[in-house]
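Novice: The following file, my_file-v5.txt, comprises compact mmCIF, C-alpha atoms and all ligand atoms:
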```
# COMPACT_ATOMS: atom_id res chain seq x y z
CA MET A 1 -24.87 37.19 -29.78
CA LYS A 2 -26.00 34.31 -31.99
CA ASP A 3 -24.27 33.42 -35.26
CA PRO A 4 -26.92 32.46 -37.83
CA ALA A 5 -24.40 30.31 -39.73
CA CYS A 6 -23.42 28.28 -36.65
CA ILE A 7 -24.78 24.76 -36.21
CA PHE A 8 -24.60 24.85 -32.41
CA CYS A 9 -26.41 28.21 -32.30
CA LYS A 10 -29.16 26.58 -34.36
CA ILE A 11 -29.24 23.54 -32.08
CA ALA A 12 -29.26 25.67 -28.91
CA ASN A 13 -32.05 27.76 -30.44
CA GLY A 14 -34.10 24.68 -31.35
CA ASP A 15 -33.87 25.39 -35.11
CA ILE A 16 -32.14 22.05 -35.67
CA PRO A 17 -33.32 18.99 -33.76
CA SER A 18 -31.06 17.35 -31.21
CA LYS A 19 -31.28 14.93 -28.31
CA LYS A 20 -31.25 17.47 -25.45
CA ILE A 21 -30.64 15.76 -22.14
CA TYR A 22 -30.32 19.02 -20.18
CA GLU A 23 -31.37 22.62 -20.68
CA ASP A 24 -31.46 25.80 -18.63
CA GLU A 25 -31.49 29.51 -19.48
CA GLU A 26 -27.87 29.65 -20.58
CA PHE A 27 -26.82 26.12 -21.60
CA VAL A 28 -27.96 22.96 -23.32
CA ALA A 29 -26.44 19.48 -23.20
CA ILE A 30 -27.02 17.22 -26.22
CA LEU A 31 -26.00 13.74 -27.23
CA ASP A 32 -23.11 13.85 -29.72
CA LEU A 33 -24.19 12.65 -33.20
CA ALA A 34 -20.96 10.65 -33.58
CA PRO A 35 -20.33 9.42 -30.04
CA ALA A 36 -16.96 8.13 -28.88
CA THR A 37 -18.79 6.03 -26.31
CA LYS A 38 -22.33 5.46 -25.08
CA GLY A 39 -23.66 8.74 -23.66
CA HIS A 40 -21.05 11.08 -25.23
CA THR A 41 -22.54 14.49 -24.51
CA LEU A 42 -21.78 18.09 -25.46
CA VAL A 43 -22.40 20.95 -23.03
CA ILE A 44 -23.04 24.07 -25.10
CA PRO A 45 -23.67 27.71 -24.12
CA LYS A 46 -26.66 29.23 -25.88
CA GLU A 47 -24.62 32.32 -26.68
CA HIS A 48 -22.05 32.06 -29.45
CA TYR A 49 -18.44 31.97 -28.20
CA PRO A 50 -16.01 30.55 -30.77
CA ASP A 51 -13.71 29.07 -28.12
CA LEU A 52 -12.45 29.30 -24.55
CA PHE A 53 -10.46 32.45 -25.25
CA ALA A 54 -13.57 34.30 -26.39
CA MET A 55 -15.36 33.65 -23.11
CA ASP A 56 -15.41 35.81 -20.02
CA GLU A 57 -14.44 34.14 -16.74
CA GLN A 58 -17.98 34.09 -15.42
CA THR A 59 -19.32 32.22 -18.46
CA ALA A 60 -16.36 29.84 -18.41
CA SER A 61 -17.01 28.96 -14.78
CA ALA A 62 -20.74 28.62 -15.50
CA ALA A 63 -19.89 26.16 -18.28
CA MET A 64 -17.80 24.07 -15.90
CA LEU A 65 -20.58 24.07 -13.36
CA ARG A 66 -23.05 22.79 -15.97
CA ALA A 67 -20.55 20.17 -17.13
CA ARG A 68 -20.27 18.88 -13.58
CA ARG A 69 -24.05 18.77 -13.28
CA VAL A 70 -24.54 16.91 -16.55
CA ALA A 71 -21.63 14.56 -15.75
CA GLY A 72 -23.50 13.68 -12.56
CA LEU A 73 -26.63 12.92 -14.57
CA LEU A 74 -24.69 10.65 -16.95
CA LYS A 75 -22.99 8.89 -14.05
CA GLU A 76 -26.31 8.30 -12.33
CA LYS A 77 -28.16 7.06 -15.41
CA LEU A 78 -25.47 5.14 -17.32
CA SER A 79 -23.18 3.96 -14.50
CA PRO A 80 -19.93 4.37 -16.44
CA ASP A 81 -16.63 3.26 -14.88
CA GLY A 82 -15.08 6.70 -15.44
CA MET A 83 -15.48 9.84 -17.53
CA ASN A 84 -13.35 12.07 -19.74
CA MET A 85 -14.11 15.77 -19.88
CA THR A 86 -12.38 17.49 -22.75
CA GLN A 87 -12.65 20.75 -24.63
CA ASN A 88 -10.93 21.58 -27.91
CA ASN A 89 -9.77 25.05 -28.98
CA GLY A 90 -8.57 25.53 -32.53
CA GLU A 91 -8.39 23.21 -35.48
CA VAL A 92 -4.96 21.90 -34.48
CA ALA A 93 -6.45 20.87 -31.14
CA GLY A 94 -9.27 18.98 -32.83
CA GLN A 95 -12.00 21.63 -32.75
CA THR A 96 -14.36 21.12 -35.68
CA VAL A 97 -17.36 23.18 -34.53
CA LEU A 98 -16.31 26.75 -33.78
CA HIS A 99 -18.82 27.29 -30.98
CA TYR A 100 -17.42 26.52 -27.52
CA HIS A 101 -18.49 23.18 -26.07
CA ILE A 102 -17.35 20.71 -23.44
CA HIS A 103 -17.26 17.00 -24.27
CA LEU A 104 -18.38 14.57 -21.57
CA ILE A 105 -17.32 11.08 -22.56
CA PRO A 106 -18.45 8.31 -20.22
CA ARG A 107 -15.85 5.55 -20.08
CA TYR A 108 -16.48 1.85 -19.67
CA LEU A 109 -13.96 -0.85 -18.84
CA SER A 110 -15.00 -2.56 -22.06
CA ASP A 111 -14.76 0.45 -24.40
CA PRO A 112 -12.00 0.60 -27.03
CA GLU A 113 -11.38 4.37 -26.96
CA HIS A 114 -7.89 5.88 -26.57
CA ILE A 115 -8.47 9.49 -25.63
CA ASN A 116 -5.20 10.15 -23.79
CA TRP A 117 -1.84 11.31 -25.16
CA LYS A 118 1.33 9.22 -25.00
CA PRO A 119 3.42 10.49 -22.09
CA ALA A 120 7.17 10.80 -22.78
CA PRO A 121 9.35 12.34 -20.05
CA ALA A 122 10.96 15.67 -21.06
CA GLU A 123 14.60 16.58 -20.41
CA PRO A 124 14.91 18.89 -17.35
CA GLU A 125 16.42 21.71 -19.46
CA VAL A 126 13.47 21.55 -21.86
CA LEU A 127 11.02 21.84 -18.96
CA GLN A 128 13.08 24.73 -17.55
CA SER A 129 13.06 26.50 -20.89
CA VAL A 130 9.27 26.24 -21.21
CA PHE A 131 8.88 27.34 -17.59
CA SER A 132 11.02 30.43 -18.31
CA GLU A 133 9.12 31.20 -21.48
CA ILE A 134 5.84 31.21 -19.56
CA THR A 135 6.87 32.80 -16.28
CA GLY A 136 10.01 34.77 -17.22
CA GLY A 137 11.72 33.00 -14.29
P1 LIG B 1 -15.11 19.31 -31.68
O1 LIG B 1 -14.38 18.45 -32.67
O2 LIG B 1 -15.40 20.67 -32.25
O3 LIG B 1 -14.46 19.38 -30.34
O4 LIG B 1 -16.47 18.58 -31.42
C1 LIG B 1 -17.59 18.71 -32.25
C2 LIG B 1 -18.51 17.56 -31.92
O5 LIG B 1 -19.79 17.89 -32.37
C3 LIG B 1 -18.13 16.25 -32.60
O6 LIG B 1 -17.95 15.24 -31.62
C4 LIG B 1 -19.30 15.96 -33.53
O7 LIG B 1 -19.62 14.59 -33.61
C5 LIG B 1 -20.41 16.76 -32.90
N1 LIG B 1 -21.41 17.28 -33.86
C6 LIG B 1 -21.16 17.95 -35.01
N2 LIG B 1 -22.31 18.32 -35.59
C7 LIG B 1 -23.31 17.89 -34.77
C8 LIG B 1 -24.73 17.99 -34.85
O8 LIG B 1 -25.32 18.55 -35.78
N3 LIG B 1 -25.45 17.42 -33.82
C9 LIG B 1 -24.82 16.80 -32.77
N4 LIG B 1 -25.62 16.29 -31.82
N5 LIG B 1 -23.49 16.69 -32.67
C10 LIG B 1 -22.73 17.23 -33.67
ZN ZN B 2 -22.70 29.41 -32.41
```
Output the file's structure in the form of structure tokens.
Ligand code: 5GP
Ligand code: ZN

Specialist:
Amino acid sequence: MKDPACIFCKIANGDIPSKKIYEDEEFVAILDLAPATKGHTLVIPKEHYPDLFAMDEQTASAAMLRARRVAGLLKEKLSPDGMNMTQNNGEVAGQTVLHYHIHLIPRYLSDPEHINWKPAPAEPEVLQSVFSEITGG
């Protein structure tokens, strides 16, 4: 199902121009308009899924497979030193376009990006409490 108001539906459909570096029947991969680093790419399903939770398992695994394929293309062509793969769900998590997409962000030793969180060890009882909340154990 396509959402006529959705920018990524329009891009996937070819109604809005984009720099498509990969396309198959179900997915496109385009260069991000506001790249974090050289080669920042978005892997986008042609069907409209607002986020990860709206996707069935088969489509979610197909998305990951395409991401791996496109990551390989970026690695081959741009020779980055590493790569971040990230995917935002919900505004609080940084999602601004409500059509599922995977970010591939090639990383270079010289780039100034800080994409990771700041790790701070949790108290054991806090970890236990979260564990219990999730598992009931
Ligand atoms: P989000 O914040 O939802 O995880 O990521 C949305 C991404 O889409 C952002 O990195 C933003 O730069 C990119 N973006 C938004 N609109 C367009 C567009 O029209 N064309 C392209 N190529 N990228 C877009
Ligand atoms: Zn859409």

Novice: Smallest atom-to-atom distance to Ala54 of chain A: which of A:Leu33, A:Leu98, A:Met85, A:Ile134, using all atoms listed in the file?

Specialist: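 Looking only at the distances to Ala54 of chain A, the closest residue turns out to be A:Leu98.
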
Novice: Determine, counting only C-alpha atoms, which protein, DNA and RNA residues have an atom within 12 Å of an atom of Glu23 of chain A; residues of the same chain fewer than 4 positions away are not included. Present the result as a VMD selection string.

Specialist: chain A and resid 11 to 14 18 to 19 27 to 30 42 to 46 66 to 67 69 to 70

Novice: As a quick test: using only C-alpha atoms and all ligand atoms, which residues lie no more than 6 Å away from ligand LIG 1 (chain B)? Give them as a ChimeraX atom specification.

Specialist: /A:18,30-34,88,94-97

Novice: Those residues with C-alpha atoms, as a JSON list (two decimals), in the coordinates of the input please?

Specialist:
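Saved as part31.json:
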```
[["chain", "number", "residue", "atom", "x", "y", "z"],
["A", 18, "SER", "CA", -31.06, 17.35, -31.21],
["A", 30, "ILE", "CA", -27.02, 17.22, -26.22],
["A", 31, "LEU", "CA", -26.00, 13.74, -27.23],
["A", 32, "ASP", "CA", -23.11, 13.85, -29.72],
["A", 33, "LEU", "CA", -24.19, 12.65, -33.20],
["A", 34, "ALA", "CA", -20.96, 10.65, -33.58],
["A", 88, "ASN", "CA", -10.93, 21.58, -27.91],
["A", 94, "GLY", "CA", -9.27, 18.98, -32.83],
["A", 95, "GLN", "CA", -12.00, 21.63, -32.75],
["A", 96, "THR", "CA", -14.36, 21.12, -35.68],
["A", 97, "VAL", "CA", -17.36, 23.18, -34.53]]
```

Novice: Which chain A residues have any atom within 6 Å of an atom of ligand ZN 2 (chain B), and for each, what is the nearest pair of atoms with distance in Å to one decimal, counting all atoms listed in the file, rows sorted by chain and number, as a Markdown table?

Specialist:
```
| residue | atom | partner | partner_atom | distance |
| --- | --- | --- | --- | --- |
| A:Lys2 | CA | B:ZN2 | ZN | 5.9 |
| A:Asp3 | CA | B:ZN2 | ZN | 5.2 |
| A:Cys6 | CA | B:ZN2 | ZN | 4.4 |
| A:Phe8 | CA | B:ZN2 | ZN | 4.9 |
| A:Cys9 | CA | B:ZN2 | ZN | 3.9 |
| A:His48 | CA | B:ZN2 | ZN | 4.0 |
| A:His99 | CA | B:ZN2 | ZN | 4.6 |
```

Novice: Give me, as a list of chain:residue names, all polymer residues having an atom no more than 12 Å from Lys75 of chain A, counting only C-alpha atoms and skipping those fewer than 3 positions away in the same chain.

Specialist: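 Counting only C-alpha atoms, the residues come to A:Lys38, A:Gly39, A:His40, A:Thr41, A:Ala67, A:Arg68, A:Arg69, A:Val70, A:Ala71, A:Gly72, A:Leu78, A:Ser79, A:Pro80, A:Asp81, A:Gly82, A:Met83, A:Asn84, A:Leu104, A:Ile105, A:Pro106, A:Arg107, A:Tyr108.
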
Novice: In Å to one decimal, how far is atom CA of Met55 of chain A from atom CA of Lys20 of chain A?

Specialist: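 Atom CA of Met55 of chain A lies at a distance of 22.8 Å from atom CA of Lys20 of chain A.
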